[in-house]
Amino acid sequence: MTDPQIDFAETMAKWQAEREAANKAARGELLPQLRALGVTEVAAEYEGYGDSGNVEDVTVQPAGIELPDDLRTKVEDFAWSVAYHQHPGFENNEGGYGTLTWDVTADSITLDHADRYVECSHSFDEGL
C-alpha cells in the first residue's frame with residue numbers, strides 16, 4: 001500500500017516539472033516573435049480572486065507596437081502561467097495580483113506579486 005502523502009507530493013512535483021517545461025517551451029516560441037516585431041519589453045498585469053482570474057493588460061515597449069491578436073493571447077497565457085507557477089493557487093479566496101515584466105532584449109523576467117488575505121484579531125473576555 002502506498003502513502004497518499006507521498007503520492008500527492010510526487011504528483012505535485014510532476015505537475016510542477018510539466019508546467020516548467022511548458023513555460024520554457026512557450027518562452028522559446030514567443031521570444032523570437034517578439035524580437036522580430038521590435039519589442040524590447042512586455043509588461044503583463046494579472047489579477048485573480050474568488051477562484052478565477054486573468055491577465056488584465058499587456059503593454060509593450062517601445063510604445064506604438066501592436067501585437068497581433070494571436071500573439072497577444074499567447075503572451076497573456078504565458079504571463080498567467082509563469083505567475084501561477086511561482087504562486088500556485090493565488091486566484092483562490094481573496095486572491096492575488098501582480099505584474100510580470102519581461103525584458104525581451106536580455107530575456108529576463110521579473111515578477112512583482114502580492115497575495116491578499118483576511119486577518120482577524122479575536123479576543124474573549126469572561127467574568128470581568
# chains A, B, ... in the order shown; residues from 1 in each chain; ligands from 1

$ residues_around --residues "Ala36 in chain A" --least-positions-apart "4" --cutoff "12 Å" --atoms "only C-alpha atoms" --output "PDB file with all heavy atoms, in the first residue's frame"
ATOM      1  N   GLU A  29       9.280  29.977 -27.853  1.00  0.00           N
ATOM      2  CA  GLU A  29       8.466  30.276 -29.041  1.00  0.00           C
ATOM      3  C   GLU A  29       8.175  31.773 -29.149  1.00  0.00           C
ATOM      4  O   GLU A  29       8.213  32.346 -30.249  1.00  0.00           O
ATOM      5  CB  GLU A  29       7.154  29.503 -28.957  1.00  0.00           C
ATOM      6  CG  GLU A  29       6.202  29.776 -30.112  1.00  0.00           C
ATOM      7  CD  GLU A  29       4.858  29.107 -29.929  1.00  0.00           C
ATOM      8  OE1 GLU A  29       4.801  28.000 -29.360  1.00  0.00           O
ATOM      9  OE2 GLU A  29       3.855  29.711 -30.349  1.00  0.00           O
ATOM     10  N   LEU A  30       7.875  32.414 -28.030  1.00  0.00           N
ATOM     11  CA  LEU A  30       7.483  33.820 -28.033  1.00  0.00           C
ATOM     12  C   LEU A  30       8.655  34.771 -28.254  1.00  0.00           C
ATOM     13  O   LEU A  30       8.507  35.806 -28.930  1.00  0.00           O
ATOM     14  CB  LEU A  30       6.802  34.179 -26.715  1.00  0.00           C
ATOM     15  CG  LEU A  30       5.428  33.570 -26.478  1.00  0.00           C
ATOM     16  CD1 LEU A  30       4.979  33.812 -25.047  1.00  0.00           C
ATOM     17  CD2 LEU A  30       4.429  34.124 -27.470  1.00  0.00           C
ATOM     18  N   LEU A  31       9.796  34.457 -27.705  1.00  0.00           N
ATOM     19  CA  LEU A  31      10.932  35.370 -27.743  1.00  0.00           C
ATOM     20  C   LEU A  31      11.293  35.812 -29.161  1.00  0.00           C
ATOM     21  O   LEU A  31      11.374  37.021 -29.419  1.00  0.00           O
ATOM     22  CB  LEU A  31      12.133  34.743 -27.022  1.00  0.00           C
ATOM     23  CG  LEU A  31      13.326  35.657 -26.792  1.00  0.00           C
ATOM     24  CD1 LEU A  31      12.950  36.831 -25.900  1.00  0.00           C
ATOM     25  CD2 LEU A  31      14.460  34.869 -26.154  1.00  0.00           C
ATOM     26  N   PRO A  32      11.508  34.909 -30.117  1.00  0.00           N
ATOM     27  CA  PRO A  32      11.867  35.378 -31.466  1.00  0.00           C
ATOM     28  C   PRO A  32      10.731  36.152 -32.144  1.00  0.00           C
ATOM     29  O   PRO A  32      10.996  37.082 -32.918  1.00  0.00           O
ATOM     30  CB  PRO A  32      12.201  34.097 -32.233  1.00  0.00           C
ATOM     31  CG  PRO A  32      11.637  32.978 -31.442  1.00  0.00           C
ATOM     32  CD  PRO A  32      11.532  33.456 -30.026  1.00  0.00           C
ATOM     33  N   THR A  40      10.967  45.350 -27.066  1.00  0.00           N
ATOM     34  CA  THR A  40      12.092  45.271 -26.135  1.00  0.00           C
ATOM     35  C   THR A  40      11.647  44.904 -24.722  1.00  0.00           C
ATOM     36  O   THR A  40      12.453  44.436 -23.922  1.00  0.00           O
ATOM     37  CB  THR A  40      12.862  46.607 -26.068  1.00  0.00           C
ATOM     38  OG1 THR A  40      11.964  47.643 -25.661  1.00  0.00           O
ATOM     39  CG2 THR A  40      13.477  46.935 -27.420  1.00  0.00           C
ATOM     40  N   ILE A  65       3.952  49.694 -30.855  1.00  0.00           N
ATOM     41  CA  ILE A  65       3.956  48.370 -31.477  1.00  0.00           C
ATOM     42  C   ILE A  65       2.675  47.653 -31.081  1.00  0.00           C
ATOM     43  O   ILE A  65       2.340  47.575 -29.898  1.00  0.00           O
ATOM     44  CB  ILE A  65       5.192  47.540 -31.055  1.00  0.00           C
ATOM     45  CG1 ILE A  65       6.470  48.190 -31.566  1.00  0.00           C
ATOM     46  CG2 ILE A  65       5.066  46.106 -31.561  1.00  0.00           C
ATOM     47  CD1 ILE A  65       7.745  47.501 -31.112  1.00  0.00           C
ATOM     48  N   LEU A  67       0.666  44.152 -30.950  1.00  0.00           N
ATOM     49  CA  LEU A  67       0.797  42.703 -31.054  1.00  0.00           C
ATOM     50  C   LEU A  67      -0.407  42.151 -31.815  1.00  0.00           C
ATOM     51  O   LEU A  67      -1.542  42.527 -31.517  1.00  0.00           O
ATOM     52  CB  LEU A  67       0.852  42.061 -29.671  1.00  0.00           C
ATOM     53  CG  LEU A  67       2.015  42.420 -28.761  1.00  0.00           C
ATOM     54  CD1 LEU A  67       1.893  41.672 -27.440  1.00  0.00           C
ATOM     55  CD2 LEU A  67       3.341  42.122 -29.422  1.00  0.00           C
ATOM     56  N   VAL A 104      12.710  41.705 -23.015  1.00  0.00           N
ATOM     57  CA  VAL A 104      12.855  40.838 -24.176  1.00  0.00           C
ATOM     58  C   VAL A 104      14.283  40.897 -24.715  1.00  0.00           C
ATOM     59  O   VAL A 104      14.823  39.884 -25.162  1.00  0.00           O
ATOM     60  CB  VAL A 104      11.819  41.219 -25.266  1.00  0.00           C
ATOM     61  CG1 VAL A 104      12.033  40.431 -26.539  1.00  0.00           C
ATOM     62  CG2 VAL A 104      10.406  41.003 -24.732  1.00  0.00           C
ATOM     63  N   THR A 105      14.907  42.046 -24.639  1.00  0.00           N
ATOM     64  CA  THR A 105      16.278  42.190 -25.132  1.00  0.00           C
ATOM     65  C   THR A 105      17.226  41.272 -24.371  1.00  0.00           C
ATOM     66  O   THR A 105      18.032  40.560 -24.968  1.00  0.00           O
ATOM     67  CB  THR A 105      16.737  43.664 -25.018  1.00  0.00           C
ATOM     68  OG1 THR A 105      15.801  44.492 -25.712  1.00  0.00           O
ATOM     69  CG2 THR A 105      18.116  43.847 -25.610  1.00  0.00           C
TER      70      THR A 105
END

$ residues_around --residues "range 77-89 of chain A" --least-positions-apart "4" --cutoff "10 Å" --atoms "only C-alpha atoms" --output "MDAnalysis selection string"
chainID A and resid 15:17 19:20 22:27 30 42:49 51:55 58 71:73 93 95:102 109 111:115

$ select_by_dssp --residues "chain A" --states "strand (DSSP E or B)" --output "ChimeraX atom specification"
/A:41-49,52-61,96-103,108-115

$ closest_residue --among "A:Leu128, A:Val60, A:Ala106, A:Met12" --to "Val39 in chain A" --atoms "only C-alpha atoms"
A:Val60

$ select_by_dssp --residues "range 19-101 of chain A" --states "alpha helix (DSSP H)" --output "mmCIF file with C-alpha atoms, in the first residue's frame"
data_model
loop_
_atom_site.group_PDB
_atom_site.id
_atom_site.type_symbol
_atom_site.label_atom_id
_atom_site.label_comp_id
_atom_site.auth_asym_id
_atom_site.auth_seq_id
_atom_site.Cartn_x
_atom_site.Cartn_y
_atom_site.Cartn_z
ATOM 1 C CA ARG A 19 4.465 23.461 -16.070
ATOM 2 C CA GLU A 20 8.110 24.438 -16.016
ATOM 3 C CA ALA A 21 8.750 22.619 -19.314
ATOM 4 C CA ALA A 22 5.650 24.165 -20.901
ATOM 5 C CA ASN A 23 6.691 27.658 -19.768
ATOM 6 C CA LYS A 24 10.188 27.141 -21.135
ATOM 7 C CA ALA A 25 8.784 25.993 -24.489
ATOM 8 C CA ALA A 26 6.345 28.932 -24.673
ATOM 9 C CA ARG A 27 9.119 31.363 -23.798
ATOM 10 C CA GLY A 28 11.306 29.911 -26.541
ATOM 11 C CA GLU A 29 8.466 30.276 -29.041
ATOM 12 C CA LEU A 30 7.483 33.820 -28.033
ATOM 13 C CA LEU A 31 10.932 35.370 -27.743
ATOM 14 C CA PRO A 32 11.867 35.378 -31.466
ATOM 15 C CA GLN A 33 8.353 36.542 -32.426
ATOM 16 C CA LEU A 34 8.518 39.499 -30.047
ATOM 17 C CA ARG A 35 12.039 40.402 -31.123
ATOM 18 C CA ALA A 36 11.031 40.241 -34.802
ATOM 19 C CA ASP A 69 -4.305 39.111 -31.506
ATOM 20 C CA ASP A 70 -2.968 35.548 -31.552
ATOM 21 C CA LEU A 71 0.428 36.664 -30.219
ATOM 22 C CA ARG A 72 -1.208 38.827 -27.550
ATOM 23 C CA THR A 73 -3.241 35.810 -26.401
ATOM 24 C CA LYS A 74 -0.092 33.669 -26.231
ATOM 25 C CA VAL A 75 1.705 36.368 -24.220
ATOM 26 C CA GLU A 76 -1.255 36.609 -21.816
ATOM 27 C CA ASP A 77 -1.339 32.827 -21.395
ATOM 28 C CA PHE A 78 2.424 32.744 -20.816
ATOM 29 C CA ALA A 79 2.295 35.545 -18.229
ATOM 30 C CA TRP A 80 -0.530 33.825 -16.336
ATOM 31 C CA SER A 81 1.288 30.500 -16.451
ATOM 32 C CA VAL A 82 4.540 31.968 -15.106
ATOM 33 C CA ALA A 83 2.715 33.794 -12.307
ATOM 34 C CA TYR A 84 0.753 30.656 -11.444
ATOM 35 C CA HIS A 85 3.885 28.521 -11.493
ATOM 36 C CA GLN A 86 5.539 30.831 -8.962
#

$ decode --residues "range 108-120 of chain A" --atoms "N, CA, C and O atoms" --output "mmCIF file, in the first residue's frame"
data_model
loop_
_atom_site.group_PDB
_atom_site.id
_atom_site.type_symbol
_atom_site.label_atom_id
_atom_site.label_comp_id
_atom_site.auth_asym_id
_atom_site.auth_seq_id
_atom_site.Cartn_x
_atom_site.Cartn_y
_atom_site.Cartn_z
ATOM 1 N N SER A 108 14.985 38.393 -19.700
ATOM 2 C CA SER A 108 14.949 38.319 -18.246
ATOM 3 C C SER A 108 13.553 38.710 -17.767
ATOM 4 O O SER A 108 13.015 39.732 -18.206
ATOM 5 N N ILE A 109 12.990 37.908 -16.882
ATOM 6 C CA ILE A 109 11.637 38.147 -16.384
ATOM 7 C C ILE A 109 11.676 38.514 -14.906
ATOM 8 O O ILE A 109 12.359 37.864 -14.109
ATOM 9 N N THR A 110 10.914 39.550 -14.564
ATOM 10 C CA THR A 110 10.722 39.958 -13.180
ATOM 11 C C THR A 110 9.246 39.803 -12.859
ATOM 12 O O THR A 110 8.392 40.217 -13.645
ATOM 13 N N LEU A 111 8.952 39.212 -11.714
ATOM 14 C CA LEU A 111 7.571 39.032 -11.288
ATOM 15 C C LEU A 111 7.380 39.776 -9.976
ATOM 16 O O LEU A 111 8.021 39.463 -8.973
ATOM 17 N N ASP A 112 6.511 40.780 -9.998
ATOM 18 C CA ASP A 112 6.166 41.556 -8.809
ATOM 19 C C ASP A 112 4.768 41.112 -8.401
ATOM 20 O O ASP A 112 3.788 41.476 -9.050
ATOM 21 N N HIS A 113 4.660 40.315 -7.336
ATOM 22 C CA HIS A 113 3.405 39.650 -6.975
ATOM 23 C C HIS A 113 2.998 39.985 -5.542
ATOM 24 O O HIS A 113 3.836 40.115 -4.658
ATOM 25 N N ALA A 114 1.685 40.101 -5.329
ATOM 26 C CA ALA A 114 1.150 40.326 -3.984
ATOM 27 C C ALA A 114 -0.031 39.377 -3.760
ATOM 28 O O ALA A 114 -0.848 39.176 -4.659
ATOM 29 N N ASP A 115 -0.099 38.804 -2.573
ATOM 30 C CA ASP A 115 -1.236 37.964 -2.174
ATOM 31 C C ASP A 115 -2.089 38.740 -1.195
ATOM 32 O O ASP A 115 -1.574 39.415 -0.299
ATOM 33 N N ARG A 116 -3.390 38.614 -1.362
ATOM 34 C CA ARG A 116 -4.335 39.224 -0.427
ATOM 35 C C ARG A 116 -4.739 38.171 0.608
ATOM 36 O O ARG A 116 -4.800 36.994 0.293
ATOM 37 N N TYR A 117 -5.039 38.631 1.807
ATOM 38 C CA TYR A 117 -5.523 37.717 2.830
ATOM 39 C C TYR A 117 -6.370 38.491 3.833
ATOM 40 O O TYR A 117 -6.291 39.710 3.928
ATOM 41 N N VAL A 118 -7.185 37.762 4.544
ATOM 42 C CA VAL A 118 -8.014 38.352 5.589
ATOM 43 C C VAL A 118 -7.331 38.084 6.913
ATOM 44 O O VAL A 118 -6.896 36.969 7.189
ATOM 45 N N GLU A 119 -7.254 39.102 7.712
ATOM 46 C CA GLU A 119 -6.653 38.951 9.037
ATOM 47 C C GLU A 119 -7.734 39.201 10.081
ATOM 48 O O GLU A 119 -8.529 40.124 9.941
ATOM 49 N N CYS A 120 -7.745 38.392 11.097
ATOM 50 C CA CYS A 120 -8.709 38.559 12.186
ATOM 51 C C CYS A 120 -7.963 38.660 13.506
ATOM 52 O O CYS A 120 -6.981 37.975 13.732
#
